[in-house]
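What follows is the content of target.cif, which has mmCIF, C-alpha atoms:
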```cif
data_query
loop_
_atom_site.group_PDB
_atom_site.id
_atom_site.type_symbol
_atom_site.label_atom_id
_atom_site.label_comp_id
_atom_site.auth_asym_id
_atom_site.auth_seq_id
_atom_site.Cartn_x
_atom_site.Cartn_y
_atom_site.Cartn_z
ATOM 1 C CA MET A 1 152.443 -42.811 -22.094
ATOM 2 C CA SER A 2 155.026 -41.835 -19.523
ATOM 3 C CA GLN A 3 154.310 -38.869 -17.295
ATOM 4 C CA ARG A 4 157.831 -38.952 -15.891
ATOM 5 C CA ILE A 5 159.677 -35.631 -15.860
ATOM 6 C CA PHE A 6 163.115 -35.927 -17.463
ATOM 7 C CA HIS A 7 163.845 -32.212 -17.623
ATOM 8 C CA HIS A 8 162.601 -29.631 -15.146
ATOM 9 C CA PRO A 9 162.895 -25.918 -15.997
ATOM 10 C CA VAL A 10 164.331 -25.071 -12.565
ATOM 11 C CA LEU A 11 165.937 -28.327 -11.368
ATOM 12 C CA GLY A 12 167.474 -29.219 -14.718
ATOM 13 C CA SER A 13 167.813 -32.602 -16.409
ATOM 14 C CA MET A 14 167.523 -35.899 -14.620
ATOM 15 C CA GLU A 15 170.808 -37.756 -14.485
ATOM 16 C CA GLU A 16 171.153 -40.971 -16.478
ATOM 17 C CA ARG A 17 169.922 -43.994 -14.493
ATOM 18 C CA THR A 18 169.514 -47.697 -15.126
ATOM 19 C CA ALA A 19 166.048 -48.757 -16.327
ATOM 20 C CA LEU A 20 164.393 -51.637 -14.435
ATOM 21 C CA GLN A 21 161.418 -53.764 -15.441
ATOM 22 C CA PHE A 22 158.787 -54.811 -12.893
ATOM 23 C CA GLN A 23 155.211 -56.066 -12.946
ATOM 24 C CA PHE A 24 152.072 -54.572 -11.458
ATOM 25 C CA ASN A 25 148.955 -56.724 -11.660
ATOM 26 C CA GLY A 26 150.511 -58.701 -14.519
ATOM 27 C CA ALA A 27 151.471 -55.715 -16.691
ATOM 28 C CA VAL A 28 155.132 -54.814 -17.214
ATOM 29 C CA TYR A 29 156.291 -51.302 -16.277
ATOM 30 C CA THR A 30 159.605 -49.460 -16.386
ATOM 31 C CA ALA A 31 161.159 -47.817 -13.361
ATOM 32 C CA TYR A 32 164.537 -46.218 -12.915
ATOM 33 C CA GLU A 33 167.111 -47.163 -10.316
ATOM 34 C CA GLY A 34 166.290 -45.361 -7.070
ATOM 35 C CA GLU A 35 162.557 -44.965 -7.794
ATOM 36 C CA THR A 36 159.855 -46.183 -5.466
ATOM 37 C CA ILE A 37 157.013 -48.408 -6.646
ATOM 38 C CA ALA A 38 154.585 -45.520 -6.127
ATOM 39 C CA GLY A 39 156.756 -43.095 -8.114
ATOM 40 C CA ALA A 40 157.194 -45.491 -11.027
ATOM 41 C CA LEU A 41 153.473 -46.302 -11.194
ATOM 42 C CA LEU A 42 152.523 -42.625 -10.885
ATOM 43 C CA ALA A 43 154.863 -41.810 -13.795
ATOM 44 C CA ALA A 44 153.156 -44.574 -15.798
ATOM 45 C CA GLY A 45 149.714 -43.074 -15.151
ATOM 46 C CA VAL A 46 148.585 -45.670 -12.600
ATOM 47 C CA ARG A 47 146.529 -44.005 -9.866
ATOM 48 C CA THR A 48 144.803 -46.952 -8.138
ATOM 49 C CA LEU A 49 147.207 -49.132 -6.169
ATOM 50 C CA ARG A 50 144.655 -51.178 -4.240
ATOM 51 C CA VAL A 51 141.032 -51.246 -3.180
ATOM 52 C CA HIS A 52 139.621 -50.831 0.315
ATOM 53 C CA GLU A 53 139.476 -54.224 1.998
ATOM 54 C CA GLU A 54 135.790 -53.941 2.926
ATOM 55 C CA THR A 55 134.149 -51.533 0.494
ATOM 56 C CA GLY A 56 136.206 -52.083 -2.658
ATOM 57 C CA THR A 57 136.680 -48.346 -3.206
ATOM 58 C CA PRO A 58 139.909 -47.390 -5.003
ATOM 59 C CA ARG A 59 142.946 -46.301 -3.016
ATOM 60 C CA GLY A 60 146.186 -44.791 -4.268
ATOM 61 C CA ILE A 61 148.999 -42.502 -3.250
ATOM 62 C CA TYR A 62 147.852 -40.140 -0.509
ATOM 63 C CA CYS A 63 150.693 -38.824 1.655
ATOM 64 C CA ASN A 64 153.649 -40.362 -0.275
ATOM 65 C CA ILE A 65 155.838 -40.213 2.859
ATOM 66 C CA GLY A 66 154.907 -43.474 4.580
ATOM 67 C CA HIS A 67 152.433 -42.240 7.189
ATOM 68 C CA CYS A 68 148.988 -43.142 5.854
ATOM 69 C CA TYR A 69 149.355 -46.732 4.519
ATOM 70 C CA GLU A 70 146.937 -46.042 1.634
ATOM 71 C CA CYS A 71 149.496 -47.269 -0.913
ATOM 72 C CA ARG A 72 149.820 -50.798 0.515
ATOM 73 C CA VAL A 73 150.510 -53.462 -2.123
ATOM 74 C CA HIS A 74 151.762 -57.042 -2.229
ATOM 75 C CA VAL A 75 155.422 -57.305 -3.285
ATOM 76 C CA ASP A 76 156.755 -60.705 -4.314
ATOM 77 C CA GLY A 77 154.025 -62.336 -2.209
ATOM 78 C CA ILE A 78 154.548 -60.166 0.886
ATOM 79 C CA PRO A 79 151.334 -58.270 1.809
ATOM 80 C CA ASN A 80 150.968 -54.710 3.138
ATOM 81 C CA VAL A 81 154.156 -53.217 1.694
ATOM 82 C CA ARG A 82 154.076 -49.418 1.372
ATOM 83 C CA ALA A 83 154.626 -48.571 -2.296
ATOM 84 C CA CYS A 84 155.814 -45.056 -1.456
ATOM 85 C CA MET A 85 158.661 -46.361 0.709
ATOM 86 C CA THR A 86 159.810 -49.392 -1.328
ATOM 87 C CA LEU A 87 162.375 -49.106 -4.115
ATOM 88 C CA VAL A 88 161.742 -51.025 -7.322
ATOM 89 C CA THR A 89 164.077 -53.926 -8.052
ATOM 90 C CA GLU A 90 164.533 -55.738 -11.361
ATOM 91 C CA GLY A 91 161.803 -58.339 -11.919
ATOM 92 C CA MET A 92 159.770 -57.338 -8.844
ATOM 93 C CA CYS A 93 156.176 -58.630 -8.901
ATOM 94 C CA VAL A 94 153.688 -56.182 -7.373
ATOM 95 C CA THR A 95 149.959 -56.822 -7.002
ATOM 96 C CA ALA A 96 147.138 -54.685 -5.653
ATOM 97 C CA GLY A 97 145.241 -55.558 -2.502
ATOM 98 C CA SER A 98 141.699 -56.865 -2.868
ATOM 99 C CA VAL A 99 138.396 -56.972 -1.020
ATOM 100 C CA LEU A 100 138.675 -59.367 1.922
ATOM 101 C CA PRO A 101 135.954 -61.345 3.683
ATOM 102 C CA THR A 102 134.588 -59.524 6.719
ATOM 103 C CA PRO A 103 133.302 -62.061 9.250
ATOM 104 C CA LEU A 104 131.447 -59.437 11.290
ATOM 105 C CA LYS A 105 129.238 -58.342 8.390
ATOM 106 C CA LYS A 106 126.265 -60.300 7.122
ATOM 107 C CA GLY A 107 127.318 -62.350 4.083
ATOM 108 C CA GLY A 108 131.027 -61.894 4.754
ATOM 109 C CA HIS A 109 131.428 -58.590 2.884
ATOM 110 C CA ALA A 110 130.462 -55.024 3.560
ATOM 111 C CA LYS A 111 127.373 -53.904 1.684
#
```
As a first step, turn the structure in this file into structure tokens.
Amino acid sequence: MSQRIFHHPVLGSMEERTALQFQFNGAVYTAYEGETIAGALLAAGVRTLRVHEETGTPRGIYCNIGHCYECRVHVDGIPNVRACMTLVTEGMCVTAGSVLPTPLKKGGHAK
């Protein structure tokens, strides 16, 4: 179910834009031309964009202006791309970050 706002009572109706298809973690989503990855996923109801590298706790959109880096995802194989600052392109493949080995912790992962 889309949570995208097409008509706002004060701002009016959204102008007609081209729909784009992209993938996030293997699922296909729709964005509109000029939308960021974070905006398109938020409109689709996706709240978790990655997990913390050590603890595995969920992370999502926090500041949405490019300062905090909480929305980092992998885009077409490139790691650490800020979803809130990156526009969706047709066929883009986005994946969430995952828990990484931590060599300084016993067993390689945080407990």
**OP:** Determine, counting only C-alpha atoms, which protein, DNA and RNA residues have an atom within 9 Å of an atom of Gly97 (chain A); residues of the same chain fewer than 2 positions away are not included. Present the result as a ChimeraX atom specification.
**Re:** /A:49-53,72-74,79-80,95,99-100
Original post:
For this file, the PyMOL selection byres ((chain A and resi 41) around 10) selects which residues, as an MDAnalysis selection string?
Top reply: chainID A and resid 2:4 24 29:31 35:40 42:49 61 83
Original post:
Which residue out of A:Arg82, A:Pro58, A:Glu90, A:Gly77 has the minimum interatomic distance to Thr18 (chain A) when only C-alpha atoms are used?
Top reply: A:Glu90
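You will find CA of Ile78 (chain A) at 17.1 Å from CA of Gly66 (chain A).
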**OP:** Go through A:Pro101, A:His8, A:Leu20, A:Val94 and flag the residue nearest Thr55 (chain A), using only C-alpha atoms for the distances.
**Re:**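 Counting only C-alpha atoms, the residue closest to Thr55 (chain A) is A:Pro101.
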Subject >> Using all atoms listed in the file: which of A:Cys84, A:Ala27, A:Cys93, A:Val10 has the shortest distance to Glu70 (chain A) >> reply: A:Cys84
**OP:** Grab the CA of Arg17 (chain A) to CA of Tyr32 (chain A) distance for me, in Å with one decimal place.
**Re:**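 A separation of 6.0 Å between them.
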Could you extract region 33-52 of chain A of the given structure into a file holding N, CA, C and O atoms, as a CSV table (one decimal), in the first residue's frame?
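Done, and the output landed in out16.csv:
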```
chain,number,residue,atom,x,y,z
A,33,GLU,N,10.0,10.1,-10.9
A,33,GLU,CA,11.2,10.9,-11.3
A,33,GLU,C,11.4,12.1,-10.4
A,33,GLU,O,10.4,12.8,-10.0
A,34,GLY,N,12.6,12.2,-9.9
A,34,GLY,CA,12.9,13.3,-8.9
A,34,GLY,C,12.9,12.9,-7.5
A,34,GLY,O,13.2,13.7,-6.6
A,35,GLU,N,12.4,11.7,-7.2
A,35,GLU,CA,12.4,11.2,-5.8
A,35,GLU,C,13.7,10.5,-5.4
A,35,GLU,O,14.4,9.9,-6.2
A,36,THR,N,14.0,10.7,-4.1
A,36,THR,CA,15.2,10.0,-3.6
A,36,THR,C,14.8,8.6,-3.2
A,36,THR,O,13.6,8.2,-3.1
A,37,ILE,N,15.8,7.7,-3.0
A,37,ILE,CA,15.6,6.4,-2.6
A,37,ILE,C,14.8,6.3,-1.3
A,37,ILE,O,13.9,5.6,-1.1
A,38,ALA,N,15.3,7.2,-0.4
A,38,ALA,CA,14.6,7.2,1.0
A,38,ALA,C,13.2,7.6,0.8
A,38,ALA,O,12.3,7.0,1.5
A,39,GLY,N,12.9,8.6,0.0
A,39,GLY,CA,11.5,9.1,-0.2
A,39,GLY,C,10.6,8.0,-0.8
A,39,GLY,O,9.5,7.8,-0.4
A,40,ALA,N,11.1,7.3,-1.8
A,40,ALA,CA,10.3,6.3,-2.5
A,40,ALA,C,10.1,5.1,-1.5
A,40,ALA,O,9.0,4.6,-1.5
A,41,LEU,N,11.1,4.7,-0.7
A,41,LEU,CA,10.9,3.6,0.2
A,41,LEU,C,10.0,4.0,1.4
A,41,LEU,O,9.2,3.2,1.8
A,42,LEU,N,10.1,5.2,1.8
A,42,LEU,CA,9.2,5.7,2.9
A,42,LEU,C,7.8,5.7,2.4
A,42,LEU,O,6.9,5.2,3.1
A,43,ALA,N,7.5,6.1,1.2
A,43,ALA,CA,6.2,6.1,0.6
A,43,ALA,C,5.6,4.7,0.4
A,43,ALA,O,4.4,4.4,0.5
A,44,ALA,N,6.6,3.7,0.3
A,44,ALA,CA,6.2,2.3,0.1
A,44,ALA,C,6.0,1.6,1.5
A,44,ALA,O,5.7,0.4,1.5
A,45,GLY,N,6.3,2.3,2.6
A,45,GLY,CA,6.1,1.7,3.9
A,45,GLY,C,7.4,1.1,4.5
A,45,GLY,O,7.3,0.5,5.5
A,46,VAL,N,8.5,1.2,3.8
A,46,VAL,CA,9.7,0.6,4.2
A,46,VAL,C,10.4,1.6,5.2
A,46,VAL,O,10.6,2.8,4.9
A,47,ARG,N,10.7,1.1,6.4
A,47,ARG,CA,11.2,2.0,7.5
A,47,ARG,C,12.7,1.6,7.8
A,47,ARG,O,13.5,2.4,8.2
A,48,THR,N,13.1,0.3,7.6
A,48,THR,CA,14.4,-0.1,7.9
A,48,THR,C,15.2,-0.2,6.6
A,48,THR,O,14.9,-0.9,5.7
A,49,LEU,N,16.3,0.7,6.5
A,49,LEU,CA,17.1,0.7,5.3
A,49,LEU,C,18.4,-0.1,5.4
A,49,LEU,O,19.0,-0.5,4.5
A,50,ARG,N,18.8,-0.3,6.7
A,50,ARG,CA,20.0,-1.1,6.9
A,50,ARG,C,20.0,-1.6,8.4
A,50,ARG,O,19.1,-1.2,9.1
A,51,VAL,N,21.0,-2.3,8.8
A,51,VAL,CA,21.2,-2.6,10.2
A,51,VAL,C,22.5,-2.1,10.6
A,51,VAL,O,23.5,-2.0,9.8
A,52,HIS,N,22.7,-1.9,11.9
A,52,HIS,CA,24.0,-1.4,12.4
A,52,HIS,C,25.0,-2.5,12.2
A,52,HIS,O,24.8,-3.7,12.4
```
